[in-house]
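The next block holds one structure in the form of structure tokens; read it before the comments.
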Amino acid sequence: MKICVLVKEVPDAAVEKRMDESSKRLDRSGEKNLNPFDTHAIEAAMQIREGGAVDVEEIVAVTMGPESAVRALHKAVSLGADRSVHLTDDALAGSDVVATGYALAQVLKSENPDLVLLGQQSDDGECYTIGAVVADHLQMPSLTQVIKIDVNEGSLRCERQAEYGYDTVDVQLPAVISVGDAINEPRYPSLKAIMGAKKKPLDTKAAGDVEIDTSKVGQDGSKTAVLAINPPPEKAGGEIIEDEDTDETVEKIVAWLDERKLLA
Amino acid sequence: MSGILTYALHYEGEFNKNSLGAVSEAAKLASELGQEAHAVVVGDDVTEELAAKLGNYGASKVYYASAPVGIAQPVVDVMAKLIQDHGYSYALFGGGLLGFEIGAGLAARLGGGVTMEVTAVKVQDGKLVAERPILQDSAIVDVDYAGEPGVIIGRLNAFEIAESGGSAEVEKVDVELSEFSTRATVVQRGEQRGADVNIEDADLLVGGGRGLGKAEGFKLAEDLADALGGAVAATRAVVDAGWYPYAAQIGQTGKTVAPKLYLAVGISGAIQHKVGMQNSENIVAINKDPNAPIFEFSDLGVVGDLNKIVPKLTEAIKAKKGS
Amino acid sequence: MSIAPIEYPPPVNSSEEFVSPPVDPEDERIEVGVAIVGGGPAGLACAIRLMQLLEDEPQLAESLGEVPVALIEKGKTPGSHLLSGGIMRPTAFQRLFPDMDESEWPTFGPVEKERVYLMAGKNRAIPLPTPPPFRNHGNHVVSVAQLGRFLSGKAEEAGVYVLPESAGYKLLVEDGKVRGVRTGDKGRGRDGEELSNFEPGSDVIAKATVLAEGTQGHLTGAAIRYFDLSKGGDPPQWELGVKEVWEVPKPLDRVVHTMGWPLRPSAKYREFGGSFIYPMGEDKVSIGFVVGLDYRDATFSCHDVLQELKTSKLVQGILEGGKRVGWGAKTIPSGGYWAMPDRLWAPGLCIAGDGASMVNVPQLKGIHYAMHAGMFAAEAIFEGLKKDSTDDLSSYEDKVRSSEIETDMYRSRNMRQPFNKGFFVGGLIANFMEASGGRFPGGHWKTHDDAGVDVFIGKRNKKYPKPDGKLTFDKLSSVFASGNATRDDAPNHIRIQKNVPLGLATMWENMCPAQVYAVPDEVKDRIAQNGGVDETELVDLQITPSNCVQCGAITAKGGRLTPPEGGDGPNYQQT
């Protein structure tokens, strides 16, 4: 089996995230790190390999991003990926989620994986859906919010966490699976692995190398555009009750809860 | 191209309330645009009667199709066909997992744009503009669409349900599903695991903090949670002190929750805790310190002695629910 | 009743616990040419200088194997744990990068104007003529957190293996020679148990090791004890600095230092220190408060005194309309010349920078000394590698002792000590020293152990402003602003006695800028109700280790900081 793991470089959690007023895009000039959810995806790939139910020949980390994104690939490799692919091209800058998904799908087509794993969400885009976009382009079944994967030859049994409960779903390979952070506890890379990461093969590809139609990507190729950035609505100050007569206070609380249908 | 097509999710014969909200919202927006609002229901158990119910929420026409339920890609096939055949400008979804998956797949299929976690939609120059929060709710962006269709996926509870008293024309459609849409099959749907397995699943949470005084103080929180039918969460301070297990910890390095109700008892509201529960729909706080930071972001704040208030509150809630 | 932290030493024996022969079997050890512990100015300058020297000796470089120079850093990235005022004399930087144009330096430009104020009260700032140690013409305002990132980039470009999120946990010594370091384990739970993703540390074996750990260096402390490097020396002393970075609409056009208020001048309190306010370009300033850790009032809190300082007219004028964007804390070694170890080297080992107390406190300078020392270490080690022997690294010591590090430190050798006589007498003596170029009063004015100073519970805390979240802030939200997101089930990395007198517990609670230590609530409630504070009453100290920003203050005052899991702690961006 060949597994491709999609990873992304995102601003570090310690950096105050802000939008660039002029370009209406995220200001990415600060410190960056591998998207935390992607570490769960790599770990899931490693656990499939180490589980022994199926022979995993290769785990390939794939990313789309500017030059600095190689650091995310080094981190992915130190966590266990065998090699990595870096899709980078000026034409891709400013792509929205659909354009990004299309571009990534093109790279994945050239790799022809049996399984595509990725983190459920990224700290910056907060779209939660790139897996579905990639899957549609690859014409593969897709599941998101997956918190358990069991592998049999040719198919997966997955558990996913929906707002109404847990589903168990069988998926035939090849497939695209987006994992939630509850799926596993990512390992720490060993010092040897960190030091060896830079020596693992890293292929750099431009849009033309994987047949990306540039009219479908980038700021101009994206079908959504940010018109304005506004501060969040002022949260109306909450009501405050000073407890003097506790019975009365409790009555007020119960009434408040009931009004909002929280005592159903 | 014109009109809005809304997806309505159903489960065990009932429509999901986020879907009803979306149908209502579509009706409202379509009327402003002077266009039609239609809906679509997909499943292996859909009847005309079920589909017709959406007329009451503003849809003037409802399509339904037979396909495996609980999987997104068959719905993408159905909606893609409907949009291509009938030329809808927008597709609308209420919050929830399937809405995300279907909406995104649909945008990919038809080469459209998609915005998710939308909290409001407005009409501007004869087109729809979606508002969505970004960067952990620290800003809101207005997003518009180039080309069609535009896909709008709402945040949970973003759209209000409105009954119109109207009725809908119902039409069954047959759609040939893509080969890959049937390669995922649901073995079991909607298993309930109980919030004690995972507090992130709880709709109602009682959070306990240092104000409880000692480990035994958590009994107050547990009784209150039982009365409400919810679960108990804890702050880092009390977990550090060994009063409650780490699995219940909410915060920057614990779990993040967004239940319908977060009732904080004896919690000061330090930012490390706040970031783990600030998106709760309703936040009630009981604390004896009037300057506790939690009162700055609670919806209802009660300044008083939790040892006096909580037991009485527990009894009052039991009484209210018993009746 | 006098209570001093030194009577309650931490349960640790660093030369036994943190020094050992290599642990891993031979084929699992990682071999590198030179191992450097610490990604600060000293460590990074050393790494870059080594690669510069090795460039001219390709055969030697090859003989060092795949990894000629490895730099081990416990923060998320070099810079994450760096904090300083700071003002850097550019000499060392120029020496390291002789071909770089000044406009390319990662600094906020040269100091143009400066002011020193004596604060006679909250709203009385008396300008003083700038005393010579404070004259900064030609020096550059810098953010060491940014400098660290810049130097790390240069180091990687030059071929250094920078290994972040790795703590140097043990010094590996065999047959009296330093063989390398062992990195810390990852994935242990609260009680030290191995979690499902447990990853043991690794032995990094090197021909030479440089300890550039900064203030309160963990392995440095162990090495000094093990090799007896401080035989005749005085105990080191420390100051604690807490600083904030602010975005401000009105650019600050001068470097400002203040003395006096809010510190109390009387010798009874022994409060030594002051504040700094430095412009960081056009739109930011850094403001910090520094205090000697030999103060006596257990309710003294450097963080809260900084908040108090901000309420003065002088500072409000500077911060007006601004927003806090960073916070952090760190200790500064202030023992000066007499507190430096007598010997800075051992077989296979060099110690450079703040870890060896190379800081000139009257001038508030240490960054360039650290870089110079790092470069000297590189040069000495390079000479040793050419001779194929790194047993004798005494040439490192020779280079340091014949450099400006030695002369500057010697000149100001007695300037800090007089301040234990109070601000005015101390100030007078310090001025005499400065005017006489260090000759008068001469001799050797001994430093003292901060932990030996006895404390009493005073009333300093009554004056701290209530945090308003806009100008003044509480400690917990400040810890958040430092980027600290340490997991809560990490093992406790602080060695400290838990059952101690109330006086000590109170001192620790107030001292720690990150609210790691606390007097138990029951005790506080009881005192609030009944009054009657008894400093000698034994209480159980409460500890929240995950708040820790690793400033090192606790090590100066009765505890012992050890490095937590690599990657933990703050992620300073602009401090």
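Starting from 1 in every chain, residues are counted up; chains themselves are A, B, ... following the order of the structure tokens, and ligands are numbered from 1 as listed.
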For chain A, report every residue with an atom at most 8 Å from chain C (counting only C-alpha atoms), formatted as a tab-separated table (two decimals) with C-alpha atoms, in the first residue's frame.
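Wrote it out as part-v1.tsv, contents follow:
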chain	number	residue	atom	x	y	z
A	13	ALA	CA	0.04	29.09	17.85
A	14	ALA	CA	2.17	31.61	19.77
A	15	VAL	CA	2.14	34.10	16.92
A	185	GLU	CA	-1.29	10.45	20.40
A	186	PRO	CA	1.45	11.45	17.94
A	187	ARG	CA	4.92	10.18	18.72
A	188	TYR	CA	7.90	12.42	19.37
A	189	PRO	CA	10.59	12.24	16.69
A	190	SER	CA	13.86	10.77	17.88
A	191	LEU	CA	16.96	12.93	17.58
A	192	LYS	CA	18.30	10.56	14.93
A	194	ILE	CA	15.28	14.79	13.15
A	195	MET	CA	18.87	14.82	12.04
All residues 8 Å or closer to A:His40, only C-alpha atoms, same chain fewer than 3 positions away omitted, as number ranges by chain: A: 36-37, 43-44, 119, 179-181, 183-186
Next, write the just-selected residues to a file, as a CSV table (one decimal), in the first residue's frame, keeping N, CA and C atoms as the atom set.
chain,number,residue,atom,x,y,z
A,36,PRO,N,-0.8,21.2,13.6
A,36,PRO,CA,-0.9,20.1,14.6
A,36,PRO,C,-1.7,18.9,14.2
A,37,PHE,N,-2.8,19.2,13.5
A,37,PHE,CA,-3.7,18.0,13.1
A,37,PHE,C,-3.0,17.1,12.2
A,43,GLU,N,0.9,10.1,12.2
A,43,GLU,CA,0.9,9.0,13.2
A,43,GLU,C,0.0,7.9,12.7
A,44,ALA,N,-1.1,8.3,12.2
A,44,ALA,CA,-2.1,7.3,11.7
A,44,ALA,C,-1.4,6.4,10.6
A,119,GLY,N,-4.9,15.9,8.1
A,119,GLY,CA,-5.5,16.4,9.4
A,119,GLY,C,-6.9,17.0,9.1
A,179,VAL,N,-8.5,12.9,9.4
A,179,VAL,CA,-8.5,12.5,10.8
A,179,VAL,C,-8.7,13.6,11.8
A,180,GLY,N,-9.4,13.3,12.9
A,180,GLY,CA,-9.5,14.2,14.0
A,180,GLY,C,-8.4,14.0,15.0
A,181,ASP,N,-8.3,14.9,16.0
A,181,ASP,CA,-7.1,14.8,16.9
A,181,ASP,C,-7.4,13.7,17.9
A,183,ILE,N,-7.8,10.7,17.3
A,183,ILE,CA,-7.5,9.4,16.7
A,183,ILE,C,-6.3,8.8,17.4
A,184,ASN,N,-5.3,9.6,17.8
A,184,ASN,CA,-4.1,9.0,18.3
A,184,ASN,C,-3.3,10.0,19.1
A,185,GLU,N,-2.2,9.6,19.7
A,185,GLU,CA,-1.3,10.4,20.4
A,185,GLU,C,0.0,10.4,19.5
A,186,PRO,N,0.3,11.5,18.8
A,186,PRO,CA,1.5,11.5,17.9
A,186,PRO,C,2.7,11.2,18.7
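When atom CA of B:Gly21 is paired with atom CA of A:Ile253, their separation reads 27.7 Å.
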Would you pick out the contacts of stretch 253-263 of chain B at 6 Å or less, using only C-alpha atoms, so that residues sharing its chain but fewer than 2 positions from it are not included, and give the list as a PDB file with N, CA and C atoms, in the first residue's frame?
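See out_7.pdb below for the written result:
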ATOM      1  N   GLU B 200     -16.360  16.090  25.323  1.00  0.00           N
ATOM      2  CA  GLU B 200     -16.601  16.938  24.154  1.00  0.00           C
ATOM      3  C   GLU B 200     -17.953  16.653  23.532  1.00  0.00           C
ATOM      4  N   ASP B 203     -23.791  17.919  25.738  1.00  0.00           N
ATOM      5  CA  ASP B 203     -24.516  19.143  25.395  1.00  0.00           C
ATOM      6  C   ASP B 203     -24.537  20.104  26.567  1.00  0.00           C
ATOM      7  N   LEU B 204     -24.461  19.549  27.772  1.00  0.00           N
ATOM      8  CA  LEU B 204     -24.549  20.369  28.982  1.00  0.00           C
ATOM      9  C   LEU B 204     -23.369  19.995  29.866  1.00  0.00           C
ATOM     10  N   LEU B 205     -22.627  20.999  30.293  1.00  0.00           N
ATOM     11  CA  LEU B 205     -21.471  20.732  31.143  1.00  0.00           C
ATOM     12  C   LEU B 205     -21.494  21.593  32.395  1.00  0.00           C
ATOM     13  N   VAL B 206     -21.129  20.981  33.517  1.00  0.00           N
ATOM     14  CA  VAL B 206     -20.914  21.768  34.727  1.00  0.00           C
ATOM     15  C   VAL B 206     -19.415  21.761  34.959  1.00  0.00           C
ATOM     16  N   GLY B 207     -18.791  22.932  34.916  1.00  0.00           N
ATOM     17  CA  GLY B 207     -17.354  23.024  35.111  1.00  0.00           C
ATOM     18  C   GLY B 207     -17.045  23.368  36.559  1.00  0.00           C
ATOM     19  N   GLN B 249     -10.442  17.707  31.942  1.00  0.00           N
ATOM     20  CA  GLN B 249      -9.863  19.048  31.944  1.00  0.00           C
ATOM     21  C   GLN B 249     -10.165  19.814  30.666  1.00  0.00           C
ATOM     22  N   ILE B 250     -10.603  21.030  30.854  1.00  0.00           N
ATOM     23  CA  ILE B 250     -10.911  21.912  29.728  1.00  0.00           C
ATOM     24  C   ILE B 250      -9.895  23.043  29.719  1.00  0.00           C
ATOM     25  N   GLY B 251      -9.394  23.375  28.568  1.00  0.00           N
ATOM     26  CA  GLY B 251      -8.536  24.551  28.543  1.00  0.00           C
ATOM     27  C   GLY B 251      -7.508  24.518  27.431  1.00  0.00           C
ATOM     28  N   GLY B 276     -10.728  27.223  26.193  1.00  0.00           N
ATOM     29  CA  GLY B 276     -11.255  25.878  25.992  1.00  0.00           C
ATOM     30  C   GLY B 276     -12.776  25.810  25.995  1.00  0.00           C
ATOM     31  N   MET B 277     -13.444  26.898  26.408  1.00  0.00           N
ATOM     32  CA  MET B 277     -14.911  26.809  26.491  1.00  0.00           C
ATOM     33  C   MET B 277     -15.613  28.079  26.034  1.00  0.00           C
ATOM     34  N   ASN B 279     -16.566  29.217  23.293  1.00  0.00           N
ATOM     35  CA  ASN B 279     -17.581  29.127  22.246  1.00  0.00           C
ATOM     36  C   ASN B 279     -18.831  28.398  22.683  1.00  0.00           C
ATOM     37  N   SER B 280     -18.962  28.133  23.979  1.00  0.00           N
ATOM     38  CA  SER B 280     -20.181  27.501  24.476  1.00  0.00           C
ATOM     39  C   SER B 280     -21.341  28.435  24.166  1.00  0.00           C
ATOM     40  N   GLU B 281     -22.495  27.840  23.821  1.00  0.00           N
ATOM     41  CA  GLU B 281     -23.626  28.685  23.457  1.00  0.00           C
ATOM     42  C   GLU B 281     -24.098  29.549  24.604  1.00  0.00           C
ATOM     43  N   ASN B 282     -24.212  28.963  25.780  1.00  0.00           N
ATOM     44  CA  ASN B 282     -24.650  29.703  26.955  1.00  0.00           C
ATOM     45  C   ASN B 282     -23.659  29.460  28.078  1.00  0.00           C
ATOM     46  N   ILE B 283     -23.163  30.550  28.656  1.00  0.00           N
ATOM     47  CA  ILE B 283     -22.213  30.421  29.753  1.00  0.00           C
ATOM     48  C   ILE B 283     -22.813  31.035  31.008  1.00  0.00           C
ATOM     49  N   VAL B 284     -22.948  30.205  32.044  1.00  0.00           N
ATOM     50  CA  VAL B 284     -23.441  30.692  33.332  1.00  0.00           C
ATOM     51  C   VAL B 284     -22.301  30.508  34.328  1.00  0.00           C
ATOM     52  N   ALA B 285     -22.053  31.527  35.143  1.00  0.00           N
ATOM     53  CA  ALA B 285     -20.949  31.425  36.098  1.00  0.00           C
ATOM     54  C   ALA B 285     -21.417  31.753  37.497  1.00  0.00           C
TER      55      ALA B 285
ATOM     56  N   ARG C 487       2.110  21.144  28.152  1.00  0.00           N
ATOM     57  CA  ARG C 487       1.044  20.218  28.530  1.00  0.00           C
ATOM     58  C   ARG C 487       1.026  20.028  30.043  1.00  0.00           C
TER      59      ARG C 487
END
Spatial neighbours of C:Ile277, 6 Å, only C-alpha atoms, chain gap at least 4 places, as an NGL selection string: :C and (256 or 286-287)
Closest contacts (stretch 25-73 of chain B/stretch 114-134 of chain B, max 12 Å, only C-alpha atoms) as JSON lines:
{"residue": "B:Glu25", "atom": "CA", "partner": "B:Val121", "partner_atom": "CA", "distance": 8.6}
{"residue": "B:Ala26", "atom": "CA", "partner": "B:Val121", "partner_atom": "CA", "distance": 9.6}
{"residue": "B:Lys28", "atom": "CA", "partner": "B:Lys122", "partner_atom": "CA", "distance": 10.2}
{"residue": "B:Leu29", "atom": "CA", "partner": "B:Val123", "partner_atom": "CA", "distance": 7.2}
{"residue": "B:Ala30", "atom": "CA", "partner": "B:Val123", "partner_atom": "CA", "distance": 9.4}
{"residue": "B:Ser31", "atom": "CA", "partner": "B:Val123", "partner_atom": "CA", "distance": 10.5}
{"residue": "B:Glu32", "atom": "CA", "partner": "B:Val123", "partner_atom": "CA", "distance": 7.3}
{"residue": "B:Leu33", "atom": "CA", "partner": "B:Gly126", "partner_atom": "CA", "distance": 6.1}
{"residue": "B:Gly34", "atom": "CA", "partner": "B:Gly126", "partner_atom": "CA", "distance": 9.1}
{"residue": "B:Gln35", "atom": "CA", "partner": "B:Gly126", "partner_atom": "CA", "distance": 10.3}
Within 7 Å of B:Tyr7 using only C-alpha atoms, minus same-chain residues under 5 positions, as a VMD selection string: chain B and resid 19 39 to 41 92 to 93
Based on the selection just made, write C-alpha atoms of those residues as a PDB file, in the first residue's frame.
ATOM      1  CA  SER B  19     -31.337  21.939   8.209  1.00  0.00           C
ATOM      2  CA  ALA B  39     -34.859  21.910  -1.037  1.00  0.00           C
ATOM      3  CA  VAL B  40     -33.541  18.393  -1.504  1.00  0.00           C
ATOM      4  CA  VAL B  41     -33.722  15.319   0.727  1.00  0.00           C
ATOM      5  CA  LEU B  92     -27.124  26.218   1.234  1.00  0.00           C
ATOM      6  CA  PHE B  93     -26.371  23.886   4.133  1.00  0.00           C
TER       7      PHE B  93
END
C:Pro520 surroundings by only C-alpha atoms, 8 Å radius, close-in-sequence under 5 positions cut, as an MDAnalysis selection string: chainID C and resid 539:542
Keeping only C-alpha atoms, write those residues as a PDB file, in the first residue's frame.
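Saved file out22.pdb follows:
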ATOM      1  CA  VAL C 539       2.834  25.044  54.975  1.00  0.00           C
ATOM      2  CA  ASP C 540       2.529  22.758  51.962  1.00  0.00           C
ATOM      3  CA  LEU C 541       3.658  24.650  48.899  1.00  0.00           C
ATOM      4  CA  GLN C 542       1.366  24.408  45.865  1.00  0.00           C
TER       5      GLN C 542
END
Chain B residues near chain A (6 Å cut-off, only C-alpha atoms) as a PyMOL selection string: chain B and resi 97+101+104-105+108+112-113+139-146+180+183-192+298-304+313
Neighbours of chain B in chain C at 10 Å, counting only C-alpha atoms, as a PyMOL selection string: chain C and resi 190+466+469+474-481+484-489+521-522+542-546
d(atom CA of C:Cys46, atom CA of C:Ile554) in Å: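 Value for the atom CA of C:Cys46-atom CA of C:Ile554 distance: 28.5 Å.
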Can you pull out every residue within 9 Å of C:Pro110, counting only C-alpha atoms, but drop anything in the same chain fewer than 3 positions away, and send it as a short mmCIF file (atom, residue, chain, number, x, y, z; two decimals) with N, CA and C atoms, in the first residue's frame?
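Listed below is the output, around10.cif:
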data_model
loop_
_atom_site.label_atom_id
_atom_site.label_comp_id
_atom_site.auth_asym_id
_atom_site.auth_seq_id
_atom_site.Cartn_x
_atom_site.Cartn_y
_atom_site.Cartn_z
N THR C 107 18.67 44.28 13.93
CA THR C 107 18.49 45.10 15.13
C THR C 107 17.51 46.22 14.80
N ASN C 136 25.16 54.75 25.70
CA ASN C 136 24.99 53.70 24.71
C ASN C 136 25.21 54.13 23.28
N HIS C 137 25.93 55.22 23.09
CA HIS C 137 26.12 55.68 21.73
C HIS C 137 26.86 54.62 20.90
N GLY C 138 26.31 54.33 19.73
CA GLY C 138 26.95 53.34 18.89
C GLY C 138 26.42 51.92 19.13
N ASN C 139 25.67 51.77 20.21
CA ASN C 139 25.09 50.45 20.47
C ASN C 139 23.72 50.34 19.82
N HIS C 140 23.27 49.11 19.65
CA HIS C 140 22.00 48.88 18.95
C HIS C 140 20.95 48.27 19.85
N VAL C 141 19.71 48.75 19.70
CA VAL C 141 18.59 48.11 20.39
C VAL C 141 18.28 46.82 19.62
#
Coordinates-based distance that separates atom CA of C:His368 from atom CA of C:Thr562 (Å, one decimal):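 Atom CA of C:His368 lies at a distance of 26.2 Å from atom CA of C:Thr562.
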